[in-house]
Every structure is written in C-alpha cells, then in structure tokens.
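I have placed the structure first, in the form of structure tokens, so that the comments after it can refer back to it.
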Amino acid sequence: MSDRILVKGARLLGGAAADLLLADGVIAEVGTSGGLSDAGARVVDADGLVALPGLVDLHTHLREPGREDAETIRTGSQAAAVGGFTAVLAMANTSPVTDTAEAAERVHDLGRAAGLVDVQPVGAVTRGLGGEELAELGLMHRSRARVRVFSDDGRCVADARVMRRALEYVKAFGGVVSQHAQDPALAGPTACCHEGEVSGRLGLPGWPGVAEEVVVARDVMLARHTGSRVHVAHASTAGTVEVLRWAKAQAARDGSWSVTAEVTPHHLLLTTDLLGSENGGYDPTFKVNPPLRPQEDVDAVRAALADGTIDAVATDHAPHARHDKEHAFVDAAFGMLGLETALPVVATVMVESGLLDWAGVARVMSSTPAAIAGLEGHGRPLEAGQPANLVLVDPAATLTVDRDRSVSLSRNNPWHGRTLGATVAATFLRGVPTVLDGVLA
C-alpha cells in the first residue's frame, strides 16, 4: 500500500469540497476539489463526504487489564477506529487500577501495539479508587505515558479535602481532575434509576439529579479556590447545566481556573421513560451511571452542548460481558457501548435538528476534547502541515444498528435496532487508513 493518499472532493467541516494529500503522517497539501494530483498516491474518492479532524473520546473503558472477557485494548481500539476516533482516553478503573506509573505505561504500550488509535491512559485520583489517599499523580505524569487527566470514574471523589489536594497537585503540571459527580449520601451504590415517577412505579432505587449537582457545585468552588482545572464527566441534568453556566462565567472573569464538562451520546437522546416502556422496562442494557434522565434534562444538555456550556461529547463506552449484564436490573452492571455509534447519535440529535453544524461537531468531538486532554497531535485544523488524523463521514447515509455486528467484544448496545443518521466512511491515523468503506482496513 502506498504511503501517500489523495483524498478527493471531501467537504471540509461540511463546507467547500477540497482535495487532501496525506503523506509522511501529515496533510501535505490542501487544494480545490479536483485540483491536486499525485501519480504515486492511492486515491480515496470522498465525493459527498464530510471531512472532520479525527474524533477524540475523553471517556472510554477498555477493561484491560483485568476484564479482557468484556473488552481488550485492541478490540476497543477497533471499535474506536470504526467510530471515527483517532484518540481515546482509557479510564483507570481496571484491575489492577491505573494508579501507578507502571500501570499507566502498560496501558500506553498496549495501545501503541494495537496501533489503531492513540490510547492515552487516565490515571486514578486516589490509590485503588479508594477515595482516601492520592495516587501517584506526579509519577504518572512524568512517565512515558504522560498522564494529564485523572479520574476515579465509577466512583466519586466524595471527600472535599481529598478533591482539594488533587486539584492542588495537578495544577503544578497543568493536569485536570475529571469527576464522577455522585454524592454517595444522596445516591448510594444501589441507586440505579432517576428518582421520580418511573423509579417509584418500578420499585427501583432512586438516583436524584441533586446528587450530581451538589458535587459539581462543590468542585467548581474548589477549582476556583485552588486556581486549578476540573472536568465534569457525563453531565446529565438541567441543574448541572445551571451550575456550569455560572461557573464558566466566573472562570472567564477570573482567568486563573477553569471548568469543562462532557455529555454522553445516550444522555443526549435516551430518557428514563424508556425504562417504563414495554420495550425497555427493566432491561439492564439501559442501566447506566448516571442514569437516563427525563426529557427536560435531555433538552437542557442538548442546548448546553450547542451553546458551549458543555464542551464535549464523550462516549463513556462501557462494555460488559453477558454474565455481568444478564441480571435483575438492580444487580446488573452499569454501562453501555458507545464508540461505534457516537457520531451517528450526535448527527441524529444535534445536526439533523440544526443545533450543530459539522464544524460544531468537530468542535465538540475533536478539537475541544483534544485541548482538554492536552493531545497536541489531535483535533487540529485540516490544513497543510497538520497531523493527518481525520475521519470521512457520509452525512446522507443511515445506520441501522445491529449489536451482533459490533467489533467490540461486548453486546450491551442500547442502540440495537435503531436507525441513526450519518456513517463513518473512513478513518486515518497519521495518514494511515484504519477504516475504509466503513470497515477496518
């Protein structure tokens, strides 16, 4: 295969069509559509396709080490590439936990060996996710994995003193703490359904929105106090959006601290009413943490993503083996798949409604997440000299999701049987095709 690829006629960020010459890992030339030629290059016909910078996922569970029956770094990387991603951040709640430099380097090295996306480890905030003693934050950052984002995701750093210390520590090297906002006194480990009419009718332990909102409010105040950076994982309520709007206005005025936030594809589309429906009732596929919320919360996070109050879309891709999901709803594992379907969901919810254009999709799924994570080679403009990390999207195509065709090892796919808008046609990592014609290259 030639190491030079000529992408012909792609619409850059959904705008004018252009040709892109990819060579030596970078975009070597950009020209008007039909204006570039290279006799030695492999030609990719992108007529009618939208070119975006390669997608970046701030929140991926790859399960390795420890739960290779649910996912491995290689299979998760395959799912990411098929979904149009060129970089993913691998969460720390593995077994053993990624709370040391050695553990972070192991994840980093396995990602490099897979070679399909850049796998950036997320370090744990506390040792063993225990919430009490800080993990090796500095050593993980100084390791060859260069960890910049830290999270106890799956568990909240509930102790304000520990959270303050973490924010102070990462400030020294420009790191960020990503918080799973769930006050354990208001939403304990059995809480699994948004607290309201549906949870009461189904007899499921309630997970009230305020359990998220009070932690977000506390943490933005701690970020302001320490002059540090906090990131809110999987924001899911209208109340959280209100706190974020206030906090971002304060941070912009002060200029010494920052708060960013992400929303998942499933919180942009699915609602808690699904659990009370004939097709979704008690189905553990839809058990996720934080839980699916009512329509008013869905509307609020959509608007917040459109206006920049929520900065990014992150999948929270959470594969599980069948024996962990096939239980009564209360006993089943939290989480659902997301990497392969994130872009079609965003296209369906945000682009088709006019809330975002394709340049906006690039902002919330590529450039902003890359900036939050400090990934300098990703989320870059589609310009000559920039790394050739890009995805080609067919905006006119539709995808009917079949969980049995997923390249993930797991099948806990909430989109099974749904038809979604737009599909990924090709993905390129530093100019090398990882996906062509919608399948792994």
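By order of appearance in the structure tokens: chains A, B, ..., then residues from 1 within every chain, and ligands from 1 in the order shown.
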
Mind checking which residues fall within 9 Å of range 174-187 of chain A, counting only C-alpha atoms, ignoring those fewer than 2 positions away in the same chain, and posting them as a CSV table (one decimal) with N, CA, C and O atoms, in the first residue's frame?
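Printed below is selection-v4.csv as written:
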```csv
chain,number,residue,atom,x,y,z
A,125,VAL,N,-7.3,9.1,40.6
A,125,VAL,CA,-7.1,10.2,41.5
A,125,VAL,C,-6.6,9.7,42.8
A,125,VAL,O,-5.6,10.2,43.4
A,141,HIS,N,2.3,11.4,35.6
A,141,HIS,CA,2.5,12.5,34.6
A,141,HIS,C,3.9,12.4,34.0
A,141,HIS,O,4.1,12.7,32.8
A,147,VAL,N,0.6,11.1,31.6
A,147,VAL,CA,-0.8,11.2,32.0
A,147,VAL,C,-1.1,12.7,32.4
A,147,VAL,O,-0.4,13.3,33.2
A,148,ARG,N,-2.2,13.2,31.9
A,148,ARG,CA,-2.6,14.6,32.2
A,148,ARG,C,-4.0,14.6,32.8
A,148,ARG,O,-4.4,15.7,33.4
A,149,VAL,N,-4.8,13.6,32.6
A,149,VAL,CA,-6.2,13.6,33.1
A,149,VAL,C,-6.3,12.5,34.2
A,149,VAL,O,-5.8,11.4,34.0
A,150,PHE,N,-6.9,12.8,35.3
A,150,PHE,CA,-7.0,11.9,36.4
A,150,PHE,C,-8.5,11.8,36.8
A,150,PHE,O,-9.2,12.8,36.9
A,151,SER,N,-8.9,10.5,37.1
A,151,SER,CA,-10.3,10.3,37.4
A,151,SER,C,-10.5,9.0,38.2
A,151,SER,O,-9.8,8.0,37.9
A,152,ASP,N,-11.4,9.0,39.2
A,152,ASP,CA,-11.8,7.8,39.8
A,152,ASP,C,-13.1,7.3,39.3
A,152,ASP,O,-13.9,6.7,39.9
A,153,ASP,N,-13.3,7.6,38.0
A,153,ASP,CA,-14.6,7.3,37.4
A,153,ASP,C,-15.2,6.0,37.7
A,153,ASP,O,-14.5,5.0,37.8
A,154,GLY,N,-16.5,6.0,38.0
A,154,GLY,CA,-17.2,4.9,38.5
A,154,GLY,C,-17.4,5.1,40.0
A,154,GLY,O,-18.4,4.6,40.6
A,155,ARG,N,-16.6,5.9,40.6
A,155,ARG,CA,-16.7,6.4,42.0
A,155,ARG,C,-16.5,7.9,42.1
A,155,ARG,O,-15.6,8.4,41.3
A,156,CYS,N,-17.2,8.5,43.0
A,156,CYS,CA,-17.0,9.9,43.2
A,156,CYS,C,-15.8,10.1,44.2
A,156,CYS,O,-15.7,9.4,45.2
A,157,VAL,N,-15.0,11.2,43.9
A,157,VAL,CA,-14.1,11.6,45.0
A,157,VAL,C,-14.9,12.4,45.9
A,157,VAL,O,-15.1,13.7,45.8
A,158,ALA,N,-15.5,11.8,46.9
A,158,ALA,CA,-16.5,12.4,47.7
A,158,ALA,C,-16.0,13.3,48.8
A,158,ALA,O,-16.6,14.2,49.3
A,163,MET,N,-10.3,15.9,47.3
A,163,MET,CA,-10.5,16.6,46.0
A,163,MET,C,-9.7,17.9,45.9
A,163,MET,O,-9.0,18.1,44.9
A,166,ALA,N,-6.1,17.0,45.4
A,166,ALA,CA,-5.8,16.5,44.0
A,166,ALA,C,-5.8,17.7,43.0
A,166,ALA,O,-4.9,17.8,42.2
A,167,LEU,N,-6.7,18.6,43.2
A,167,LEU,CA,-6.7,19.8,42.3
A,167,LEU,C,-5.4,20.6,42.5
A,167,LEU,O,-4.8,21.2,41.5
A,169,TYR,N,-2.5,19.5,43.5
A,169,TYR,CA,-1.4,18.7,43.0
A,169,TYR,C,-1.2,18.8,41.4
A,169,TYR,O,-0.2,19.1,40.9
A,170,VAL,N,-2.4,18.6,40.7
A,170,VAL,CA,-2.3,18.6,39.3
A,170,VAL,C,-2.0,20.0,38.7
A,170,VAL,O,-1.6,20.1,37.5
A,171,LYS,N,-2.3,21.0,39.5
A,171,LYS,CA,-2.1,22.4,39.0
A,171,LYS,C,-0.7,22.6,38.6
A,171,LYS,O,-0.4,23.3,37.7
A,172,ALA,N,0.2,21.9,39.3
A,172,ALA,CA,1.7,22.2,39.1
A,172,ALA,C,2.1,21.8,37.7
A,172,ALA,O,3.1,22.4,37.2
A,189,PRO,N,-24.7,3.1,46.3
A,189,PRO,CA,-24.2,2.1,45.3
A,189,PRO,C,-25.4,1.4,44.6
A,189,PRO,O,-25.2,0.9,43.5
A,190,THR,N,-26.6,1.3,45.3
A,190,THR,CA,-27.7,0.6,44.7
A,190,THR,C,-28.5,1.5,43.8
A,190,THR,O,-29.4,1.0,43.1
A,191,ALA,N,-28.4,2.8,43.9
A,191,ALA,CA,-29.2,3.7,43.1
A,191,ALA,C,-29.0,3.5,41.6
A,191,ALA,O,-27.8,3.4,41.2
A,192,CYS,N,-30.0,3.3,40.9
A,192,CYS,CA,-29.9,2.9,39.5
A,192,CYS,C,-30.9,3.5,38.5
A,192,CYS,O,-30.8,3.2,37.3
A,205,PRO,N,-34.3,1.7,43.1
A,205,PRO,CA,-33.7,2.7,44.0
A,205,PRO,C,-33.4,4.0,43.2
A,205,PRO,O,-32.8,3.9,42.1
A,206,GLY,N,-33.8,5.1,43.8
A,206,GLY,CA,-33.7,6.4,43.0
A,206,GLY,C,-32.3,7.0,43.1
A,206,GLY,O,-31.6,6.9,44.1
A,207,TRP,N,-32.0,7.7,42.0
A,207,TRP,CA,-30.7,8.4,41.8
A,207,TRP,C,-31.1,9.8,41.4
A,207,TRP,O,-31.2,10.2,40.3
A,208,PRO,N,-31.3,10.7,42.4
A,208,PRO,CA,-31.8,12.0,42.2
A,208,PRO,C,-30.7,12.9,41.5
A,208,PRO,O,-29.5,12.8,41.7
A,210,VAL,N,-30.0,15.9,42.1
A,210,VAL,CA,-29.3,16.7,43.0
A,210,VAL,C,-28.0,16.1,43.5
A,210,VAL,O,-27.1,16.7,43.9
A,211,ALA,N,-28.0,14.7,43.5
A,211,ALA,CA,-26.8,14.0,43.9
A,211,ALA,C,-25.6,14.3,43.0
A,211,ALA,O,-24.4,14.3,43.4
A,212,GLU,N,-25.9,14.6,41.7
A,212,GLU,CA,-24.9,15.1,40.8
A,212,GLU,C,-24.6,16.6,41.0
A,212,GLU,O,-23.4,17.0,41.1
A,213,GLU,N,-25.6,17.3,41.1
A,213,GLU,CA,-25.5,18.8,41.1
A,213,GLU,C,-24.7,19.3,42.3
A,213,GLU,O,-23.9,20.3,42.2
A,214,VAL,N,-24.9,18.7,43.5
A,214,VAL,CA,-24.2,19.3,44.7
A,214,VAL,C,-22.7,19.0,44.6
A,214,VAL,O,-21.9,19.9,45.0
A,215,VAL,N,-22.3,17.9,44.0
A,215,VAL,CA,-20.9,17.6,43.8
A,215,VAL,C,-20.3,18.6,42.8
A,215,VAL,O,-19.1,19.1,42.9
A,216,VAL,N,-21.0,18.8,41.7
A,216,VAL,CA,-20.5,19.7,40.6
A,216,VAL,C,-20.3,21.1,41.2
A,216,VAL,O,-19.3,21.8,41.0
A,219,ASP,N,-17.3,21.2,43.5
A,219,ASP,CA,-16.0,21.0,42.8
A,219,ASP,C,-15.6,22.3,42.0
A,219,ASP,O,-14.4,22.6,41.9
A,228,SER,N,-7.3,25.8,39.8
A,228,SER,CA,-6.9,24.6,39.1
A,228,SER,C,-8.0,24.3,38.0
A,228,SER,O,-8.9,25.1,37.7
A,229,ARG,N,-7.9,23.1,37.5
A,229,ARG,CA,-8.8,22.7,36.4
A,229,ARG,C,-9.7,21.5,36.8
A,229,ARG,O,-9.1,20.4,37.2
A,230,VAL,N,-11.0,21.6,36.7
A,230,VAL,CA,-11.9,20.5,37.0
A,230,VAL,C,-12.7,20.2,35.8
A,230,VAL,O,-13.1,21.1,35.0
A,231,HIS,N,-12.9,18.9,35.5
A,231,HIS,CA,-13.8,18.5,34.4
A,231,HIS,C,-14.9,17.6,34.9
A,231,HIS,O,-14.7,16.8,35.7
A,232,VAL,N,-16.1,17.9,34.5
A,232,VAL,CA,-17.3,17.2,34.9
A,232,VAL,C,-17.6,16.1,33.9
A,232,VAL,O,-17.9,16.4,32.8
A,233,ALA,N,-17.5,14.9,34.4
A,233,ALA,CA,-17.8,13.7,33.5
A,233,ALA,C,-19.3,13.6,33.4
A,233,ALA,O,-20.1,13.9,34.3
A,234,HIS,N,-19.7,13.1,32.2
A,234,HIS,CA,-21.1,12.7,31.9
A,234,HIS,C,-22.2,13.6,32.6
A,234,HIS,O,-23.0,13.1,33.4
A,235,ALA,N,-22.1,14.9,32.4
A,235,ALA,CA,-23.2,15.8,32.9
A,235,ALA,C,-24.5,15.3,32.4
A,235,ALA,O,-24.7,15.0,31.2
A,261,ALA,N,-16.8,20.3,30.8
A,261,ALA,CA,-17.8,19.3,31.0
A,261,ALA,C,-18.0,18.5,29.7
A,261,ALA,O,-17.8,19.0,28.6
A,290,PRO,N,-24.2,8.1,35.4
A,290,PRO,CA,-25.5,8.5,35.9
A,290,PRO,C,-26.7,7.9,35.1
A,290,PRO,O,-26.5,7.6,33.9
A,372,ILE,N,-8.7,19.7,26.0
A,372,ILE,CA,-8.9,19.4,27.4
A,372,ILE,C,-7.9,18.3,27.8
A,372,ILE,O,-7.3,18.4,28.9
A,373,ALA,N,-7.7,17.3,27.0
A,373,ALA,CA,-6.8,16.3,27.3
A,373,ALA,C,-5.3,16.6,27.1
A,373,ALA,O,-4.4,15.8,27.5
A,374,GLY,N,-5.0,17.7,26.4
A,374,GLY,CA,-3.6,18.1,26.1
A,374,GLY,C,-3.0,17.2,25.0
A,374,GLY,O,-1.8,17.0,25.0
```

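Neighbouring residues of Thr309 in chain A at 9 Å or closer, counting only C-alpha atoms and skipping chain neighbours under 4 positions away, are A:Val241, A:Leu244, A:Arg245, A:Lys248, A:Thr260, A:Ala261, A:Val301, A:Ala303, A:Ala304, A:Leu305.
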
Please save all heavy atoms of the selected residues as a PDB file, in the first residue's frame.
```pdb
ATOM      1  N   VAL A 241     -26.289  21.883  34.383  1.00  0.00           N
ATOM      2  CA  VAL A 241     -26.083  22.906  33.354  1.00  0.00           C
ATOM      3  C   VAL A 241     -26.118  24.301  33.966  1.00  0.00           C
ATOM      4  O   VAL A 241     -25.294  25.165  33.642  1.00  0.00           O
ATOM      5  CB  VAL A 241     -27.142  22.762  32.240  1.00  0.00           C
ATOM      6  CG1 VAL A 241     -27.110  23.964  31.297  1.00  0.00           C
ATOM      7  CG2 VAL A 241     -26.901  21.475  31.452  1.00  0.00           C
ATOM      8  N   LEU A 244     -22.875  24.891  35.755  1.00  0.00           N
ATOM      9  CA  LEU A 244     -21.788  25.076  34.797  1.00  0.00           C
ATOM     10  C   LEU A 244     -21.828  26.464  34.170  1.00  0.00           C
ATOM     11  O   LEU A 244     -20.776  27.096  33.984  1.00  0.00           O
ATOM     12  CB  LEU A 244     -21.866  24.007  33.703  1.00  0.00           C
ATOM     13  CG  LEU A 244     -21.505  22.584  34.119  1.00  0.00           C
ATOM     14  CD1 LEU A 244     -21.856  21.603  33.002  1.00  0.00           C
ATOM     15  CD2 LEU A 244     -20.029  22.474  34.481  1.00  0.00           C
ATOM     16  N   ARG A 245     -23.014  26.957  33.846  1.00  0.00           N
ATOM     17  CA  ARG A 245     -23.110  28.296  33.245  1.00  0.00           C
ATOM     18  C   ARG A 245     -22.568  29.356  34.197  1.00  0.00           C
ATOM     19  O   ARG A 245     -21.825  30.254  33.805  1.00  0.00           O
ATOM     20  CB  ARG A 245     -24.560  28.604  32.860  1.00  0.00           C
ATOM     21  CG  ARG A 245     -25.007  27.892  31.603  1.00  0.00           C
ATOM     22  CD  ARG A 245     -26.132  28.649  30.873  1.00  0.00           C
ATOM     23  NE  ARG A 245     -26.445  27.960  29.623  1.00  0.00           N
ATOM     24  CZ  ARG A 245     -27.440  27.114  29.458  1.00  0.00           C
ATOM     25  NH1 ARG A 245     -28.252  26.863  30.454  1.00  0.00           N
ATOM     26  NH2 ARG A 245     -27.632  26.528  28.287  1.00  0.00           N
ATOM     27  N   LYS A 248     -18.641  28.832  34.548  1.00  0.00           N
ATOM     28  CA  LYS A 248     -17.866  29.264  33.383  1.00  0.00           C
ATOM     29  C   LYS A 248     -17.795  30.789  33.305  1.00  0.00           C
ATOM     30  O   LYS A 248     -16.754  31.348  32.916  1.00  0.00           O
ATOM     31  CB  LYS A 248     -18.467  28.674  32.105  1.00  0.00           C
ATOM     32  CG  LYS A 248     -18.087  27.212  31.890  1.00  0.00           C
ATOM     33  CD  LYS A 248     -18.784  26.648  30.668  1.00  0.00           C
ATOM     34  CE  LYS A 248     -18.220  25.274  30.335  1.00  0.00           C
ATOM     35  NZ  LYS A 248     -16.934  25.344  29.636  1.00  0.00           N
ATOM     36  N   THR A 260     -14.581  22.454  32.729  1.00  0.00           N
ATOM     37  CA  THR A 260     -15.090  21.917  31.471  1.00  0.00           C
ATOM     38  C   THR A 260     -16.023  20.760  31.788  1.00  0.00           C
ATOM     39  O   THR A 260     -16.055  20.259  32.913  1.00  0.00           O
ATOM     40  CB  THR A 260     -13.949  21.443  30.556  1.00  0.00           C
ATOM     41  OG1 THR A 260     -13.126  20.507  31.276  1.00  0.00           O
ATOM     42  CG2 THR A 260     -13.101  22.619  30.084  1.00  0.00           C
ATOM     43  N   ALA A 261     -16.789  20.348  30.785  1.00  0.00           N
ATOM     44  CA  ALA A 261     -17.768  19.282  31.013  1.00  0.00           C
ATOM     45  C   ALA A 261     -18.010  18.516  29.726  1.00  0.00           C
ATOM     46  O   ALA A 261     -17.804  19.020  28.625  1.00  0.00           O
ATOM     47  CB  ALA A 261     -19.085  19.866  31.532  1.00  0.00           C
ATOM     48  N   VAL A 301     -29.286  19.483  28.334  1.00  0.00           N
ATOM     49  CA  VAL A 301     -27.903  19.161  27.971  1.00  0.00           C
ATOM     50  C   VAL A 301     -27.681  19.332  26.477  1.00  0.00           C
ATOM     51  O   VAL A 301     -26.578  19.693  26.047  1.00  0.00           O
ATOM     52  CB  VAL A 301     -27.486  17.745  28.449  1.00  0.00           C
ATOM     53  CG1 VAL A 301     -27.507  17.674  29.977  1.00  0.00           C
ATOM     54  CG2 VAL A 301     -28.343  16.649  27.845  1.00  0.00           C
ATOM     55  N   ALA A 303     -29.091  21.742  24.641  1.00  0.00           N
ATOM     56  CA  ALA A 303     -28.904  23.186  24.486  1.00  0.00           C
ATOM     57  C   ALA A 303     -27.537  23.615  25.001  1.00  0.00           C
ATOM     58  O   ALA A 303     -26.875  24.476  24.406  1.00  0.00           O
ATOM     59  CB  ALA A 303     -30.014  23.937  25.215  1.00  0.00           C
ATOM     60  N   ALA A 304     -27.104  23.012  26.105  1.00  0.00           N
ATOM     61  CA  ALA A 304     -25.805  23.368  26.682  1.00  0.00           C
ATOM     62  C   ALA A 304     -24.650  22.947  25.794  1.00  0.00           C
ATOM     63  O   ALA A 304     -23.635  23.641  25.698  1.00  0.00           O
ATOM     64  CB  ALA A 304     -25.659  22.734  28.066  1.00  0.00           C
ATOM     65  N   LEU A 305     -24.795  21.817  25.123  1.00  0.00           N
ATOM     66  CA  LEU A 305     -23.760  21.388  24.183  1.00  0.00           C
ATOM     67  C   LEU A 305     -23.713  22.341  22.995  1.00  0.00           C
ATOM     68  O   LEU A 305     -22.629  22.708  22.516  1.00  0.00           O
ATOM     69  CB  LEU A 305     -24.031  19.960  23.712  1.00  0.00           C
ATOM     70  CG  LEU A 305     -23.001  19.354  22.762  1.00  0.00           C
ATOM     71  CD1 LEU A 305     -21.648  19.184  23.452  1.00  0.00           C
ATOM     72  CD2 LEU A 305     -23.494  18.005  22.216  1.00  0.00           C
TER      73      LEU A 305
END
```

- Message: What's around Arg293 in chain A at 6 Å? Count only C-alpha atoms, leave out sequence neighbours fewer than 3 positions away in its own chain, and write the answer as a PyMOL selection string.
- Response: chain A and resi 194+271-272

Env of Ala422 in chain A: 9 Å cut, atoms = only C-alpha atoms, seq-sep filter 4 positions within chain, self excluded. Answer as an mmCIF file with N, CA and C atoms, in the first residue's frame.
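After the write, out.cif holds the following:
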```cif
data_model
loop_
_atom_site.group_PDB
_atom_site.id
_atom_site.type_symbol
_atom_site.label_atom_id
_atom_site.label_comp_id
_atom_site.auth_asym_id
_atom_site.auth_seq_id
_atom_site.Cartn_x
_atom_site.Cartn_y
_atom_site.Cartn_z
ATOM 1 N N LEU A 343 -20.890 9.121 16.783
ATOM 2 C CA LEU A 343 -21.066 10.118 15.729
ATOM 3 C C LEU A 343 -22.462 10.042 15.098
ATOM 4 N N PRO A 344 -22.976 8.861 14.753
ATOM 5 C CA PRO A 344 -24.350 8.812 14.244
ATOM 6 C C PRO A 344 -25.392 9.362 15.219
ATOM 7 N N VAL A 345 -25.212 9.136 16.521
ATOM 8 C CA VAL A 345 -26.160 9.684 17.501
ATOM 9 C C VAL A 345 -26.087 11.207 17.497
ATOM 10 N N ALA A 347 -25.073 13.119 15.107
ATOM 11 C CA ALA A 347 -25.646 13.595 13.842
ATOM 12 C C ALA A 347 -27.164 13.604 13.909
ATOM 13 N N THR A 348 -27.742 12.556 14.475
ATOM 14 C CA THR A 348 -29.194 12.452 14.579
ATOM 15 C C THR A 348 -29.766 13.532 15.493
ATOM 16 N N VAL A 393 -17.006 11.294 6.807
ATOM 17 C CA VAL A 393 -18.364 10.962 7.237
ATOM 18 C C VAL A 393 -19.302 11.078 6.048
ATOM 19 N N ASP A 394 -20.191 10.097 5.906
ATOM 20 C CA ASP A 394 -21.234 10.171 4.890
ATOM 21 C C ASP A 394 -22.487 10.736 5.555
ATOM 22 N N PRO A 395 -22.799 12.025 5.331
ATOM 23 C CA PRO A 395 -23.936 12.634 6.031
ATOM 24 C C PRO A 395 -25.286 12.189 5.494
ATOM 25 N N ALA A 396 -25.289 11.600 4.308
ATOM 26 C CA ALA A 396 -26.551 11.179 3.695
ATOM 27 C C ALA A 396 -26.917 9.741 4.029
ATOM 28 N N ALA A 397 -25.972 8.991 4.562
ATOM 29 C CA ALA A 397 -26.223 7.580 4.868
ATOM 30 C C ALA A 397 -26.918 7.444 6.214
ATOM 31 N N THR A 398 -27.497 6.295 6.437
ATOM 32 C CA THR A 398 -28.075 5.972 7.741
ATOM 33 C C THR A 398 -27.503 4.643 8.216
ATOM 34 N N LEU A 399 -27.556 4.453 9.513
ATOM 35 C CA LEU A 399 -27.032 3.236 10.134
ATOM 36 C C LEU A 399 -28.136 2.596 10.962
#
```

Excluding range 221-226 of chain A and residues on its chain fewer than 4 positions from it, collect all residues at most 8 Å away from it, counting only C-alpha atoms, and give them as a PyMOL selection string.
chain A and resi 163-164+167-168+217+230+251+256-259

Export, as an mmCIF file, in the first residue's frame, the selected residues with N, CA, C and O atoms.
```cif
data_model
loop_
_atom_site.group_PDB
_atom_site.id
_atom_site.type_symbol
_atom_site.label_atom_id
_atom_site.label_comp_id
_atom_site.auth_asym_id
_atom_site.auth_seq_id
_atom_site.Cartn_x
_atom_site.Cartn_y
_atom_site.Cartn_z
ATOM 1 N N MET A 163 -10.327 15.926 47.302
ATOM 2 C CA MET A 163 -10.504 16.570 46.000
ATOM 3 C C MET A 163 -9.689 17.856 45.930
ATOM 4 O O MET A 163 -9.043 18.143 44.904
ATOM 5 N N ARG A 164 -9.682 18.617 46.996
ATOM 6 C CA ARG A 164 -8.875 19.847 47.010
ATOM 7 C C ARG A 164 -7.402 19.528 46.810
ATOM 8 O O ARG A 164 -6.708 20.181 46.025
ATOM 9 N N LEU A 167 -6.675 18.642 43.173
ATOM 10 C CA LEU A 167 -6.672 19.823 42.313
ATOM 11 C C LEU A 167 -5.400 20.638 42.504
ATOM 12 O O LEU A 167 -4.811 21.153 41.542
ATOM 13 N N GLU A 168 -4.948 20.756 43.740
ATOM 14 C CA GLU A 168 -3.707 21.492 44.002
ATOM 15 C C GLU A 168 -2.514 20.781 43.384
ATOM 16 O O GLU A 168 -1.611 21.433 42.830
ATOM 17 N N ALA A 217 -21.291 21.569 42.035
ATOM 18 C CA ALA A 217 -21.201 22.891 42.669
ATOM 19 C C ALA A 217 -20.008 22.968 43.615
ATOM 20 O O ALA A 217 -19.249 23.955 43.618
ATOM 21 N N VAL A 230 -10.975 21.584 36.727
ATOM 22 C CA VAL A 230 -11.861 20.458 36.999
ATOM 23 C C VAL A 230 -12.698 20.188 35.762
ATOM 24 O O VAL A 230 -13.082 21.114 35.040
ATOM 25 N N ALA A 251 -15.207 31.746 35.908
ATOM 26 C CA ALA A 251 -13.851 31.373 35.495
ATOM 27 C C ALA A 251 -13.341 32.290 34.393
ATOM 28 O O ALA A 251 -12.162 32.668 34.376
ATOM 29 N N SER A 256 -8.028 32.447 36.147
ATOM 30 C CA SER A 256 -6.994 31.661 36.828
ATOM 31 C C SER A 256 -7.384 30.206 37.040
ATOM 32 O O SER A 256 -6.590 29.429 37.561
ATOM 33 N N TRP A 257 -8.580 29.837 36.667
ATOM 34 C CA TRP A 257 -9.042 28.466 36.852
ATOM 35 C C TRP A 257 -10.012 28.144 35.726
ATOM 36 O O TRP A 257 -10.405 29.028 34.956
ATOM 37 N N SER A 258 -10.379 26.879 35.605
ATOM 38 C CA SER A 258 -11.300 26.530 34.524
ATOM 39 C C SER A 258 -12.144 25.332 34.906
ATOM 40 O O SER A 258 -11.751 24.491 35.723
ATOM 41 N N VAL A 259 -13.313 25.264 34.298
ATOM 42 C CA VAL A 259 -14.202 24.115 34.425
ATOM 43 C C VAL A 259 -14.659 23.736 33.030
ATOM 44 O O VAL A 259 -15.021 24.588 32.218
#
```

Skipping near chain neighbours, those fewer than 3 positions away, what residues fall within 12 Å of Val330 in chain A using only C-alpha atoms, listed as a tab-separated table (two decimals) with C-alpha atoms, in the first residue's frame?
```
chain	number	residue	atom	x	y	z
A	189	PRO	CA	-24.24	2.14	45.29
A	190	THR	CA	-27.67	0.58	44.67
A	191	ALA	CA	-29.17	3.74	43.14
A	192	CYS	CA	-29.88	2.90	39.51
A	193	CYS	CA	-32.85	4.83	38.14
A	199	SER	CA	-38.37	4.69	39.72
A	202	LEU	CA	-40.85	0.15	39.01
A	203	GLY	CA	-39.62	-0.08	42.59
A	204	LEU	CA	-36.03	0.80	41.65
A	205	PRO	CA	-33.66	2.67	43.99
A	206	GLY	CA	-33.69	6.36	43.05
A	282	TYR	CA	-36.25	-3.48	33.43
A	283	ASP	CA	-33.83	-4.06	30.51
A	284	PRO	CA	-30.34	-3.90	32.09
A	285	THR	CA	-28.90	-2.70	28.77
A	286	PHE	CA	-30.26	0.71	29.77
A	287	LYS	CA	-28.73	0.69	33.25
A	288	VAL	CA	-26.06	3.38	33.21
A	324	ASP	CA	-22.43	-9.15	34.16
A	325	LYS	CA	-25.45	-7.65	32.40
A	326	GLU	CA	-27.92	-10.53	32.38
A	327	HIS	CA	-29.26	-10.00	35.89
A	333	ALA	CA	-23.50	-3.84	35.88
A	334	PHE	CA	-23.73	-0.17	34.93
```

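Between CA of Thr423 in chain A and CA of Asp273 in chain A the interatomic distance comes to 27.4 Å.
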
Among range 131-300 of chain A, which residues does DSSP mark as strand (DSSP E or B) when it is run on the backbone? Keep the chain and numbering as in the structure and answer as an NGL selection string. :A and (134 or 149-151 or 176-179 or 193-194 or 206-207 or 229-232 or 258-263 or 271 or 293)

Give me the residues near Ser95 in chain A as a count of residues only, where near means some atom within 9 Å (using only C-alpha atoms) and where sequence neighbours in that chain fewer than 2 positions away do not count. 9

Within 12 Å of range 72-75 of chain A, which residues of range 233-335 of chain A come that close, and what is the closest atom pair and distance in Å for each? Count only C-alpha atoms and give it as JSON lines.
```
{"residue": "A:Ala318", "atom": "CA", "partner": "A:Thr72", "partner_atom": "CA", "distance": 11.7}
{"residue": "A:Pro319", "atom": "CA", "partner": "A:Thr72", "partner_atom": "CA", "distance": 9.8}
{"residue": "A:His320", "atom": "CA", "partner": "A:Thr72", "partner_atom": "CA", "distance": 11.2}
{"residue": "A:Ala321", "atom": "CA", "partner": "A:Thr72", "partner_atom": "CA", "distance": 11.8}
```

One residue among A:Leu110, A:Leu58, A:Val391, A:Ala70 is nearest to Leu375 in chain A when using only C-alpha atoms, and that residue is A:Leu58

In terms of only C-alpha atoms, the residue from A:Glu376, A:Asp38, A:Glu340, A:Glu197 at minimal distance from Val401 in chain A is A:Glu340

re CA of Leu440 in chain A and CA of Gly123 in chain A: distance 29.2 Å

A straight line from CA of Pro387 in chain A to CA of Gly115 in chain A spans 15.7 Å

Could you pull out the residues in range 351-409 of chain A that DSSP calls helix (DSSP H, G or I) from the backbone, as a PyMOL selection string? chain A and resi 351+358-373+403-405

Using only C-alpha atoms, the residue out of A:Thr400, A:Val435, A:Gly338, A:Glu29 with shortest distance to Thr86 in chain A is A:Val435

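Restricting the calculation to only C-alpha atoms, the smallest distance between His317 in chain A and any of A:Val424, A:Leu274, A:Trp246, A:Met336 is found for A:Met336.
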